[in-house]
file input-v4.cif (mmCIF, C-alpha atoms)
data_final
#
loop_
_atom_site.label_atom_id
_atom_site.label_comp_id
_atom_site.auth_asym_id
_atom_site.auth_seq_id
_atom_site.Cartn_x
_atom_site.Cartn_y
_atom_site.Cartn_z
CA MET E 1 -8.84 14.12 -19.90
CA ILE E 2 -9.57 17.45 -18.21
CA LYS E 3 -6.80 19.96 -17.52
CA LEU E 4 -6.95 21.58 -14.11
CA GLU E 5 -4.64 24.46 -13.28
CA ALA E 6 -3.76 26.40 -10.14
CA PRO E 7 -4.96 28.65 -8.64
CA LEU E 8 -7.88 26.45 -7.74
CA THR E 9 -11.25 27.96 -6.89
CA LYS E 10 -14.60 26.64 -5.74
CA GLU E 11 -15.95 27.52 -9.19
CA LYS E 12 -13.40 25.30 -10.95
CA ILE E 13 -14.09 22.46 -8.50
CA LYS E 14 -17.85 22.70 -8.96
CA LYS E 15 -17.46 21.93 -12.67
CA LEU E 16 -15.88 18.56 -11.95
CA HIS E 17 -17.93 15.39 -11.76
CA CYS E 18 -17.41 12.03 -10.15
CA GLY E 19 -15.54 9.61 -12.44
CA GLN E 20 -13.77 12.27 -14.52
CA GLU E 21 -10.05 11.93 -15.17
CA VAL E 22 -8.09 15.11 -14.59
CA VAL E 23 -4.48 16.20 -14.94
CA TYR E 24 -3.43 18.89 -12.51
CA ASP E 25 -0.74 21.57 -12.80
CA GLY E 26 0.01 23.47 -9.63
CA MET E 27 0.89 23.06 -5.97
CA LEU E 28 -0.30 20.81 -3.22
CA TYR E 29 0.64 20.08 0.36
CA THR E 30 1.41 16.60 1.63
CA ALA E 31 0.12 15.60 5.06
CA ARG E 32 -0.67 12.23 6.56
CA ASP E 33 -1.46 10.70 9.96
CA GLN E 34 0.82 12.51 12.45
CA ALA E 35 0.75 15.85 10.60
CA HIS E 36 -3.06 15.75 10.69
CA LYS E 37 -3.01 15.07 14.40
CA ARG E 38 -0.83 18.15 14.94
CA ILE E 39 -2.83 20.41 12.61
CA ILE E 40 -6.09 19.52 14.33
CA LYS E 41 -4.49 20.16 17.73
CA LEU E 42 -3.36 23.62 16.56
CA LEU E 43 -6.86 24.42 15.30
CA LYS E 44 -8.36 23.25 18.58
CA ASP E 45 -5.98 25.47 20.53
CA ASN E 46 -6.85 28.43 18.26
CA LYS E 47 -3.23 28.65 17.10
CA LYS E 48 -2.06 29.76 13.68
CA LEU E 49 -1.24 26.93 11.27
CA PRO E 50 2.31 26.85 9.88
CA PHE E 51 0.84 26.94 6.37
CA ASP E 52 -2.31 28.31 4.80
CA ILE E 53 -4.86 25.64 3.89
CA GLU E 54 -7.37 28.09 2.40
CA GLY E 55 -8.21 27.02 -1.15
CA LYS E 56 -5.49 24.34 -1.13
CA LEU E 57 -5.29 20.61 -1.76
CA ILE E 58 -3.84 18.16 0.76
CA TYR E 59 -2.24 15.04 -0.65
CA TYR E 60 -2.05 12.03 1.68
CA CYS E 61 1.50 11.05 0.92
CA GLY E 62 4.71 10.08 2.69
CA PRO E 63 7.32 10.37 -0.06
CA ASN E 64 10.57 8.48 -0.44
CA PRO E 65 13.75 10.57 -0.28
CA ALA E 66 15.28 11.87 -3.50
CA ALA E 67 18.32 10.18 -4.99
CA PRO E 68 21.13 12.67 -5.83
CA GLY E 69 20.07 14.96 -8.67
CA LYS E 70 16.41 13.98 -8.42
CA VAL E 71 13.43 15.91 -7.06
CA ILE E 72 11.83 13.09 -5.13
CA GLY E 73 11.52 9.32 -4.73
CA ALA E 74 8.34 7.27 -5.07
CA CYS E 75 5.40 9.35 -3.86
CA GLY E 76 2.04 7.67 -4.28
CA PRO E 77 -1.05 8.11 -2.11
CA THR E 78 -1.67 6.47 1.25
CA THR E 79 -5.06 5.24 2.54
CA SER E 80 -7.37 8.24 2.91
CA ALA E 81 -9.75 6.59 5.38
CA ARG E 82 -7.22 7.02 8.20
CA MET E 83 -7.60 10.78 7.84
CA ASP E 84 -11.43 10.67 7.85
CA ALA E 85 -11.66 11.82 11.46
CA PHE E 86 -9.72 15.01 10.64
CA THR E 87 -10.97 15.99 7.18
CA PRO E 88 -14.35 17.64 8.01
CA GLU E 89 -12.59 20.09 10.37
CA LEU E 90 -10.07 21.03 7.68
CA LEU E 91 -12.75 21.53 5.02
CA LYS E 92 -14.60 23.73 7.52
CA ASN E 93 -11.43 25.80 7.88
CA GLY E 94 -11.12 26.48 4.17
CA LEU E 95 -9.32 23.47 2.71
CA LEU E 96 -10.58 22.96 -0.84
CA GLY E 97 -9.99 19.25 -1.26
CA THR E 98 -7.96 16.15 -0.60
CA ILE E 99 -6.09 13.56 -2.66
CA GLY E 100 -5.56 9.94 -1.65
CA LYS E 101 -6.79 6.44 -2.30
CA GLY E 102 -9.90 4.51 -1.33
CA GLU E 103 -13.28 5.23 0.20
CA ARG E 104 -14.13 8.02 2.65
CA SER E 105 -16.55 7.94 5.59
CA GLN E 106 -20.09 9.29 5.36
CA GLU E 107 -18.97 12.19 7.58
CA VAL E 108 -16.37 13.19 5.00
CA VAL E 109 -18.88 12.85 2.13
CA GLN E 110 -21.30 15.11 4.02
CA ALA E 111 -18.57 17.65 4.75
CA ILE E 112 -17.54 17.69 1.07
CA LYS E 113 -21.17 18.48 0.19
CA ARG E 114 -21.55 21.11 2.89
CA TYR E 115 -18.38 23.01 2.01
CA ALA E 116 -18.47 22.26 -1.73
CA GLY E 117 -15.12 20.49 -1.54
CA ILE E 118 -13.73 17.62 -3.55
CA TYR E 119 -11.92 14.33 -3.06
CA PHE E 120 -9.59 13.03 -5.73
CA SER E 121 -8.10 9.59 -6.00
CA THR E 122 -4.76 9.21 -7.69
CA TYR E 123 -2.91 6.15 -9.01
CA ALA E 124 -2.55 3.92 -5.97
CA GLY E 125 0.66 1.95 -5.66
CA CYS E 126 2.23 3.86 -8.55
CA GLY E 127 4.74 5.96 -6.63
CA ALA E 128 7.48 5.76 -9.27
CA LEU E 129 5.16 7.01 -12.02
CA LEU E 130 3.86 9.85 -9.85
CA ALA E 131 7.43 10.88 -8.93
CA GLN E 132 7.93 11.84 -12.59
CA ARG E 133 5.17 14.44 -12.25
CA VAL E 134 6.61 16.26 -9.24
CA LYS E 135 8.80 19.15 -10.39
CA LYS E 136 9.66 20.71 -7.06
CA ARG E 137 9.49 19.70 -3.43
CA GLU E 138 10.03 21.81 -0.33
CA LEU E 139 9.79 21.08 3.36
CA VAL E 140 7.04 23.18 4.97
CA CYS E 141 6.88 22.09 8.61
CA PHE E 142 7.09 19.24 11.16
CA GLU E 143 10.53 18.16 9.94
CA ASP E 144 10.90 15.83 12.93
CA LEU E 145 8.17 13.63 11.48
CA GLY E 146 10.47 12.44 8.68
CA THR E 147 8.41 11.30 5.72
CA GLU E 148 5.28 12.39 7.61
CA ALA E 149 6.37 16.04 7.58
CA VAL E 150 4.39 18.53 5.48
CA PHE E 151 5.95 19.16 2.06
CA SER E 152 4.81 21.41 -0.75
CA PHE E 153 4.88 19.88 -4.22
CA GLU E 154 4.83 21.64 -7.57
CA VAL E 155 3.27 19.12 -9.92
CA LYS E 156 2.76 18.94 -13.66
CA ASP E 157 0.27 16.61 -15.36
CA PHE E 158 -0.49 15.00 -12.05
CA PRO E 159 -3.20 12.38 -12.67
CA LEU E 160 -6.34 12.68 -10.56
CA ILE E 161 -9.70 10.94 -10.69
CA VAL E 162 -12.70 12.75 -9.24
CA ALA E 163 -13.69 10.21 -6.59
CA ILE E 164 -16.20 12.33 -4.64
CA ASP E 165 -17.50 15.51 -6.25
CA CYS E 166 -18.94 18.59 -4.58
CA LYS E 167 -22.43 17.10 -4.69
CA GLY E 168 -21.22 14.09 -2.70
CA GLU E 169 -21.41 11.67 -5.66
CA SER E 170 -18.88 8.90 -5.04
CA ILE E 171 -17.20 6.68 -7.58
CA TYR E 172 -16.95 3.91 -5.00
CA GLU E 173 -20.74 3.72 -4.76
CA GLN E 174 -21.32 3.99 -8.50
CA SER E 175 -18.88 1.32 -9.54
CA ARG E 176 -20.52 -1.53 -7.60
CA MET F 1 29.84 -28.58 7.79
CA ARG F 2 29.79 -25.58 5.46
CA ILE F 3 31.04 -22.28 6.80
CA VAL F 4 29.37 -19.12 5.45
CA GLU F 5 30.96 -15.75 6.18
CA ALA F 6 28.74 -12.89 7.40
CA GLY F 7 29.99 -10.58 4.63
CA ILE F 8 28.57 -12.79 1.88
CA ILE F 9 25.13 -12.82 3.45
CA LYS F 10 25.29 -9.07 4.02
CA ASP F 11 26.01 -8.24 0.35
CA LYS F 12 23.31 -10.58 -0.94
CA VAL F 13 20.65 -9.28 1.45
CA LYS F 14 21.49 -5.67 0.69
CA SER F 15 20.87 -6.22 -3.03
CA LEU F 16 17.76 -8.21 -2.18
CA ALA F 17 16.36 -5.24 -0.24
CA ILE F 18 16.83 -2.99 -3.26
CA ASN F 19 15.64 -5.48 -5.89
CA ALA F 20 12.55 -6.48 -3.94
CA ASN F 21 11.42 -2.85 -3.91
CA VAL F 22 12.14 -1.78 -7.48
CA LYS F 23 11.13 -4.91 -9.38
CA ILE F 24 7.64 -6.32 -9.38
CA ARG F 25 7.41 -10.11 -9.27
CA SER F 26 7.17 -11.60 -12.76
CA ASP F 27 4.08 -13.71 -11.99
CA VAL F 28 2.32 -10.61 -10.65
CA LEU F 29 3.27 -8.54 -13.68
CA ARG F 30 1.96 -11.26 -15.99
CA ALA F 31 -1.34 -11.38 -14.07
CA LEU F 32 -1.61 -7.58 -14.27
CA LYS F 33 -1.04 -7.61 -18.04
CA ASN F 34 -3.65 -10.33 -18.50
CA ALA F 35 -6.12 -8.36 -16.40
CA TYR F 36 -5.47 -5.22 -18.46
CA GLU F 37 -6.27 -7.18 -21.62
CA GLY F 38 -9.43 -8.62 -20.08
CA GLU F 39 -10.81 -5.47 -18.44
CA LYS F 40 -13.47 -3.39 -20.18
CA ASN F 41 -14.30 -0.83 -17.48
CA ARG F 42 -12.80 2.51 -18.61
CA LEU F 43 -11.35 3.71 -15.30
CA SER F 44 -10.10 0.29 -14.28
CA ARG F 45 -8.33 -0.03 -17.61
CA SER F 46 -6.47 3.21 -17.01
CA ALA F 47 -5.68 1.92 -13.53
CA PHE F 48 -4.07 -1.22 -14.99
CA LYS F 49 -2.20 0.88 -17.54
CA ALA F 50 -0.81 3.08 -14.76
CA ILE F 51 0.23 0.05 -12.67
CA ILE F 52 2.07 -1.55 -15.61
CA ASP F 53 3.72 1.75 -16.62
CA ASN F 54 4.73 2.30 -13.01
CA ALA F 55 6.45 -1.08 -12.84
CA GLU F 56 8.48 -0.16 -15.90
CA ILE F 57 9.42 3.32 -14.64
CA ALA F 58 10.40 1.94 -11.23
CA PHE F 59 12.67 -0.73 -12.67
CA LYS F 60 14.26 1.59 -15.22
CA ASN F 61 14.94 4.41 -12.74
CA LYS F 62 15.65 2.19 -9.73
CA LEU F 63 12.80 3.85 -7.88
CA ALA F 64 10.61 2.08 -5.36
CA ILE F 65 7.46 0.70 -7.02
CA CYS F 66 5.49 2.09 -4.11
CA GLN F 67 6.47 4.81 -1.63
CA ASP F 68 5.43 2.38 1.07
CA THR F 69 8.53 0.23 1.05
CA GLY F 70 6.83 -1.61 3.84
CA LEU F 71 7.82 -3.32 6.98
CA PRO F 72 10.44 -5.67 5.56
CA VAL F 73 9.52 -9.28 6.37
CA VAL F 74 12.36 -11.75 5.95
CA PHE F 75 12.00 -15.51 5.72
CA VAL F 76 15.23 -17.39 6.35
CA GLU F 77 15.78 -21.11 5.78
CA ILE F 78 19.09 -22.32 7.11
CA GLY F 79 20.42 -25.73 6.16
CA SER F 80 21.36 -27.76 9.22
CA SER F 81 24.89 -28.36 7.96
CA VAL F 82 25.61 -24.63 7.59
CA PHE F 83 27.68 -22.74 10.12
CA ILE F 84 27.23 -18.98 9.94
CA ASN F 85 30.18 -16.97 11.10
CA GLY F 86 28.25 -14.23 12.94
CA ASN F 87 24.85 -13.35 14.35
CA ILE F 88 22.42 -14.05 11.50
CA THR F 89 19.66 -11.84 12.93
CA LYS F 90 21.97 -8.86 13.23
CA ILE F 91 23.60 -9.46 9.84
CA ILE F 92 20.24 -9.54 8.05
CA THR F 93 18.66 -6.68 9.99
CA ASP F 94 21.64 -4.42 9.29
CA ALA F 95 21.87 -5.47 5.64
CA VAL F 96 18.18 -4.74 5.00
CA ALA F 97 18.53 -1.30 6.60
CA GLN F 98 21.63 -0.57 4.54
CA GLY F 99 19.88 -1.66 1.34
CA TYR F 100 16.95 0.61 2.12
CA ARG F 101 19.30 3.51 2.80
CA GLU F 102 21.29 2.99 -0.39
CA GLY F 103 18.10 2.58 -2.42
CA PHE F 104 16.84 5.95 -1.12
CA PHE F 105 13.77 4.27 0.31
CA ARG F 106 11.56 5.65 2.99
CA ALA F 107 12.21 5.10 6.67
CA SER F 108 8.78 3.93 7.80
CA ILE F 109 9.41 2.20 11.11
CA GLN F 110 8.35 3.85 14.36
CA LYS F 111 10.22 2.38 17.32
CA ASP F 112 7.63 3.41 19.88
CA PRO F 113 4.20 2.24 18.70
CA LEU F 114 2.31 4.01 21.49
CA ASN F 115 3.97 7.40 21.80
CA ARG F 116 5.12 7.52 18.17
CA ASN F 117 7.74 10.11 18.95
CA GLN F 118 10.94 8.42 17.78
CA LYS F 119 12.88 9.22 14.64
CA LEU F 120 11.68 6.90 11.86
CA SER F 121 14.06 4.11 10.90
CA TYR F 122 14.53 1.20 8.50
CA GLY F 123 13.96 -1.60 10.91
CA PRO F 124 14.25 -3.94 12.54
CA ALA F 125 12.87 -6.21 9.83
CA ILE F 126 10.54 -8.97 10.96
CA MET F 127 12.42 -12.26 10.72
CA HIS F 128 11.13 -15.81 10.52
CA THR F 129 13.86 -18.43 10.70
CA ASP F 130 13.53 -22.12 9.93
CA ILE F 131 16.16 -24.82 10.12
CA VAL F 132 15.91 -27.14 7.13
CA THR F 133 17.98 -30.05 5.88
CA GLY F 134 20.92 -29.44 3.55
CA GLY F 135 23.82 -27.08 3.18
CA LYS F 136 22.29 -23.90 1.82
CA ILE F 137 20.68 -20.72 3.10
CA LYS F 138 17.57 -19.33 1.40
CA ILE F 139 16.56 -15.77 2.20
CA THR F 140 13.29 -14.22 0.99
CA LEU F 141 12.37 -10.58 1.51
CA LEU F 142 8.78 -9.37 1.36
CA PRO F 143 8.42 -5.60 1.76
CA LYS F 144 4.91 -5.55 3.22
CA GLY F 145 3.02 -2.30 2.77
CA PHE F 146 0.70 -1.37 5.57
CA GLY F 147 -2.29 -0.17 3.56
CA SER F 148 -2.94 -3.83 2.90
CA GLU F 149 -1.47 -5.21 6.13
CA ASN F 150 -4.05 -3.14 8.03
CA LYS F 151 -6.78 -5.23 6.43
CA SER F 152 -5.54 -8.55 7.87
CA LYS F 153 -8.12 -10.68 9.66
CA LEU F 154 -8.02 -13.59 12.09
CA LYS F 155 -10.96 -15.66 13.29
CA MET F 156 -10.96 -18.66 15.54
CA PHE F 157 -13.69 -20.91 14.13
CA ASN F 158 -15.19 -23.94 15.83
CA PRO F 159 -13.84 -27.26 14.58
CA THR F 160 -17.39 -28.09 13.50
CA SER F 161 -17.86 -24.86 11.50
CA PRO F 162 -18.97 -25.47 7.91
CA LEU F 163 -16.58 -24.55 5.11
CA ALA F 164 -19.18 -22.11 3.81
CA ASP F 165 -18.71 -19.98 6.96
CA ILE F 166 -14.97 -19.88 6.43
CA GLU F 167 -15.44 -18.86 2.81
CA GLU F 168 -17.81 -16.10 3.84
CA PHE F 169 -15.27 -14.81 6.37
CA ILE F 170 -12.55 -14.65 3.71
CA VAL F 171 -14.77 -12.88 1.16
CA GLU F 172 -15.97 -10.44 3.85
CA ALA F 173 -12.35 -9.62 4.71
CA VAL F 174 -11.79 -8.54 1.11
CA LYS F 175 -15.07 -6.64 1.06
CA ALA F 176 -14.01 -4.79 4.20
CA ALA F 177 -10.70 -3.86 2.57
CA GLY F 178 -12.74 -2.33 -0.26
CA ALA F 179 -10.76 0.17 -2.29
CA THR F 180 -8.46 1.25 0.54
CA ALA F 181 -5.69 -1.33 0.25
CA CYS F 182 -4.77 -0.94 -3.46
CA PRO F 183 -6.81 -3.53 -5.32
CA PRO F 184 -6.57 -5.74 -7.33
CA TYR F 185 -5.42 -7.86 -4.41
CA ILE F 186 -3.45 -11.04 -3.96
CA ILE F 187 -4.85 -12.88 -0.96
CA GLY F 188 -3.06 -15.25 1.37
CA VAL F 189 -5.02 -17.54 3.68
CA GLY F 190 -3.69 -19.66 6.53
CA ILE F 191 -5.93 -22.36 7.98
CA GLY F 192 -5.13 -24.43 11.06
CA ALA F 193 -2.28 -24.49 13.60
CA THR F 194 -2.44 -21.70 16.22
CA ALA F 195 -3.55 -18.06 15.96
CA ASP F 196 -0.02 -16.75 15.40
CA TYR F 197 1.02 -19.55 13.05
CA ALA F 198 -2.13 -19.24 10.91
CA GLY F 199 -1.16 -15.58 10.46
CA LEU F 200 2.33 -16.59 9.37
CA LEU F 201 0.93 -19.17 6.92
CA ALA F 202 -1.35 -16.51 5.42
CA LYS F 203 1.67 -14.31 4.85
CA LYS F 204 3.75 -17.19 3.45
CA ALA F 205 0.90 -17.91 1.01
CA LEU F 206 1.68 -14.54 -0.62
CA LEU F 207 5.09 -15.93 -1.61
CA ILE F 208 3.52 -18.65 -3.79
CA SER F 209 3.47 -17.88 -7.51
CA ILE F 210 0.00 -16.76 -8.65
CA ASN F 211 0.11 -19.16 -11.60
CA SER F 212 0.87 -22.27 -9.61
CA VAL F 213 -1.93 -24.76 -8.99
CA ASN F 214 -2.37 -26.00 -5.44
CA LYS F 215 -1.21 -29.62 -5.18
CA ASP F 216 -4.04 -30.33 -2.74
CA LYS F 217 -7.08 -30.84 -4.97
CA GLN F 218 -9.61 -29.66 -2.38
CA LEU F 219 -7.64 -26.47 -1.80
CA ALA F 220 -7.19 -25.88 -5.53
CA VAL F 221 -10.98 -26.00 -5.96
CA LEU F 222 -11.48 -23.82 -2.89
CA GLU F 223 -9.07 -21.19 -4.25
CA GLN F 224 -10.91 -21.10 -7.59
CA ARG F 225 -14.29 -20.78 -5.89
CA LEU F 226 -13.06 -18.01 -3.56
CA LEU F 227 -11.51 -16.09 -6.44
CA LYS F 228 -14.82 -16.14 -8.31
CA LYS F 229 -16.73 -14.95 -5.25
CA ILE F 230 -14.21 -12.19 -4.56
CA ASN F 231 -14.29 -10.94 -8.13
CA LYS F 232 -18.08 -10.79 -7.92
CA LEU F 233 -17.61 -8.00 -5.36
CA ARG F 234 -16.66 -5.83 -8.34
CA ILE F 235 -14.39 -3.60 -6.29
CA GLY F 236 -11.99 -3.65 -9.23
CA ALA F 237 -8.61 -2.00 -9.81
CA PHE F 238 -8.22 1.03 -7.46
CA GLY F 239 -11.86 0.37 -6.43
CA PHE F 240 -13.14 1.76 -9.72
CA GLY F 241 -15.20 -1.36 -10.49
CA GLY F 242 -14.70 -4.04 -13.10
CA LYS F 243 -13.82 -7.69 -13.23
CA PHE F 244 -10.62 -7.90 -11.21
CA THR F 245 -10.89 -7.38 -7.45
CA ALA F 246 -8.24 -10.05 -6.90
CA LEU F 247 -5.56 -11.49 -9.14
CA GLY F 248 -5.11 -14.62 -7.09
CA ILE F 249 -5.69 -16.34 -3.79
CA LYS F 250 -3.51 -18.97 -2.12
CA VAL F 251 -4.45 -21.16 0.81
CA ILE F 252 -2.08 -23.06 3.10
CA CYS F 253 -3.39 -25.58 5.63
CA ALA F 254 -1.66 -27.00 8.69
CA PRO F 255 -2.57 -29.51 11.40
CA THR F 256 -4.52 -28.00 14.29
CA HIS F 257 -6.07 -28.87 17.66
CA ILE F 258 -9.33 -30.86 18.08
CA ALA F 259 -10.90 -27.82 19.75
CA GLY F 260 -10.15 -25.19 17.13
CA LEU F 261 -9.91 -23.96 13.57
CA PRO F 262 -7.94 -20.72 13.18
CA VAL F 263 -8.33 -18.91 9.86
CA ALA F 264 -6.10 -15.96 8.98
CA VAL F 265 -6.33 -13.68 5.94
CA ASN F 266 -3.39 -11.57 4.78
CA ILE F 267 -4.03 -9.23 1.90
CA SER F 268 -1.45 -7.85 -0.51
CA CYS F 269 -1.91 -4.85 -2.73
CA HIS F 270 -1.34 -5.20 -6.48
CA ALA F 271 2.29 -4.24 -5.95
CA LEU F 272 3.22 -7.60 -4.46
CA ARG F 273 6.98 -7.59 -4.21
CA SER F 274 9.19 -10.35 -2.93
CA ALA F 275 12.61 -11.59 -3.88
CA SER F 276 14.74 -14.54 -2.84
CA VAL F 277 18.37 -15.53 -2.85
CA VAL F 278 19.99 -18.90 -2.23
CA ILE F 279 23.47 -18.91 -0.72
#
call {"tool": "encode", "arguments": {"input": "input-v4.cif", "output": "structure tokens"}}
result
Amino acid sequence: MIKLEAPLTKEKIKKLHCGQEVVYDGMLYTARDQAHKRIIKLLKDNKKLPFDIEGKLIYYCGPNPAAPGKVIGACGPTTSARMDAFTPELLKNGLLGTIGKGERSQEVVQAIKRYAGIYFSTYAGCGALLAQRVKKRELVCFEDLGTEAVFSFEVKDFPLIVAIDCKGESIYEQSR
Amino acid sequence: MRIVEAGIIKDKVKSLAINANVKIRSDVLRALKNAYEGEKNRLSRSAFKAIIDNAEIAFKNKLAICQDTGLPVVFVEIGSSVFINGNITKIITDAVAQGYREGFFRASIQKDPLNRNQKLSYGPAIMHTDIVTGGKIKITLLPKGFGSENKSKLKMFNPTSPLADIEEFIVEAVKAAGATACPPYIIGVGIGATADYAGLLAKKALLISINSVNKDKQLAVLEQRLLKKINKLRIGAFGFGGKFTALGIKVICAPTHIAGLPVAVNISCHALRSASVVI
């Protein structure tokens, strides 16, 4: 198990290889379908984003609300492929990597190679387990989207599997 | 005539909505544990370990097993000698929403599918109601996550189509789902009837215990053969490879028209949750 700590850099990412299991300490932003649509629209209109994606990780997640006294409810990954159309543009604009579940399109693999990014998979369908690893959660923007709003998470020992590394090697191709 | 008060149904359904989301079905958990024992692939083994640990954490902490608490699908069987004091659709819809709220589950339902600009809510649940003989009410709740629901397939075959073509269609549906819908999968297949009803049968097939053997011998053999073919895809847990792409497959057949042969596939993720109550 490899320990990965914030702040993340391209250099740290380049050392990771497809199929490696990682635990991550640091922050990440959640964003899924509707938030992506809005972010891409803002970029297209040359407007400033409500949060800085430079060197950051985006986690495809729509969390459950927190019960009283808790940080968060179940918060596992959603299907990454639905964000495929948006990811190359975000990587181009400085995003370091993404976290989700399942395969990515060839366009995303190529963009990961071009911008030396990374795609992690995390434990799919294990939202209760992952909730134990989130230490802090804050609303960032798009509150009207409910669970699809952008949140920042502080995570500790958050399990990640390198699914596509910066050379474009994909675990989903290797395993079959 | 047996009179059932709305309040009784409401309380039962509310607990059902919570239980169905925090407790994995026992037959599914058993299948997952068996798969963990049988899997050799390193990453898939840690996937199974995480899934089993997650089930425990969810139950202990009353957390949803999966953040996608689904579009709640409710199957209601009402005995013909039961009189319900109230509007059953409204009672159940409200009770499910209340259970979701009290369980601190996610509001995932968008009222306007095209403009997608409404505040997210807990319903309405999808309801399928049958009138059966007897004096009881059976209610089953299946919180259906959409990662897997998105991978549903329907094909209208010719009545003369060979079985091999149907099998290929089912296996291809799983192949197309790949790693995106949280494998290992449980697969429901509906064959016959009409397009809509085949889809319903495929979903109902997910309610059948994985361990049960199909009473129809031909279908039992078909299920075994399909399971073998699907596991040869080697998608594996989380798509990391290995022996278990599916934990089980269930097929339900129904009479159909001389001109057609509808086949529907409904896929469930490994976190197959459903719970029932008899009133």
call {"tool": "closest_residue", "arguments": {"input": "input-v4.cif", "among": "F:Ile235, F:Leu16, F:Leu226, F:Leu43", "to": "Cys18 (chain E)", "atoms": "all atoms listed in the file"}}
result
F:Leu43
call {"tool": "resolve_selection", "arguments": {"input": "input-v4.cif", "expression": "the PyMOL selection byres ((chain E) within 10 of (chain F))", "output": "MDAnalysis selection string"}}
result
chainID E and resid 19:21 34 61:68 72:82 100:104 121:132 144:148 159 161 163 171:176
call {"tool": "residues_around", "arguments": {"input": "input-v4.cif", "residues": "Phe83 (chain F)", "least_positions_apart": "3", "cutoff": "8 Å", "atoms": "only C-alpha atoms", "output": "PyMOL selection string"}}
result
chain F and resi 1-4
call {"tool": "residues_around", "arguments": {"input": "input-v4.cif", "residues": "region 123-134 of chain F", "least_positions_apart": "3", "cutoff": "7 Å", "atoms": "only C-alpha atoms", "output": "list in words"}}
result
Leu71, Pro72, Val73, Val74, Phe75, Val76, Glu77, Ile78, Gly79, Ser80, Ser81, Thr93, Ala97 and Ile109 of chain F
call {"tool": "residues_around", "arguments": {"input": "input-v4.cif", "residues": "Ser26 (chain F)", "least_positions_apart": "2", "cutoff": "12 Å", "atoms": "all atoms listed in the file", "output": "ChimeraX atom specification"}}
result
/F:20,23-24,28-33,52,55-56,208-211,271-275
call {"tool": "residues_around", "arguments": {"input": "input-v4.cif", "residues": "Asn214 (chain F)", "least_positions_apart": "4", "cutoff": "12 Å", "atoms": "all atoms listed in the file", "output": "ChimeraX atom specification"}}
result
/F:205,208-210,218-224,248-253
call {"tool": "write_last_selection", "arguments": {"input": "input-v4.cif", "atoms": "C-alpha atoms", "output": "PDB file, keeping the file's coordinate frame"}}
result
ATOM      1  CA  ALA F 205       0.900 -17.910   1.010  1.00  0.00           C
ATOM      2  CA  ILE F 208       3.520 -18.650  -3.790  1.00  0.00           C
ATOM      3  CA  SER F 209       3.470 -17.880  -7.510  1.00  0.00           C
ATOM      4  CA  ILE F 210       0.000 -16.760  -8.650  1.00  0.00           C
ATOM      5  CA  GLN F 218      -9.610 -29.660  -2.380  1.00  0.00           C
ATOM      6  CA  LEU F 219      -7.640 -26.470  -1.800  1.00  0.00           C
ATOM      7  CA  ALA F 220      -7.190 -25.880  -5.530  1.00  0.00           C
ATOM      8  CA  VAL F 221     -10.980 -26.000  -5.960  1.00  0.00           C
ATOM      9  CA  LEU F 222     -11.480 -23.820  -2.890  1.00  0.00           C
ATOM     10  CA  GLU F 223      -9.070 -21.190  -4.250  1.00  0.00           C
ATOM     11  CA  GLN F 224     -10.910 -21.100  -7.590  1.00  0.00           C
ATOM     12  CA  GLY F 248      -5.110 -14.620  -7.090  1.00  0.00           C
ATOM     13  CA  ILE F 249      -5.690 -16.340  -3.790  1.00  0.00           C
ATOM     14  CA  LYS F 250      -3.510 -18.970  -2.120  1.00  0.00           C
ATOM     15  CA  VAL F 251      -4.450 -21.160   0.810  1.00  0.00           C
ATOM     16  CA  ILE F 252      -2.080 -23.060   3.100  1.00  0.00           C
ATOM     17  CA  CYS F 253      -3.390 -25.580   5.630  1.00  0.00           C
TER      18      CYS F 253
END
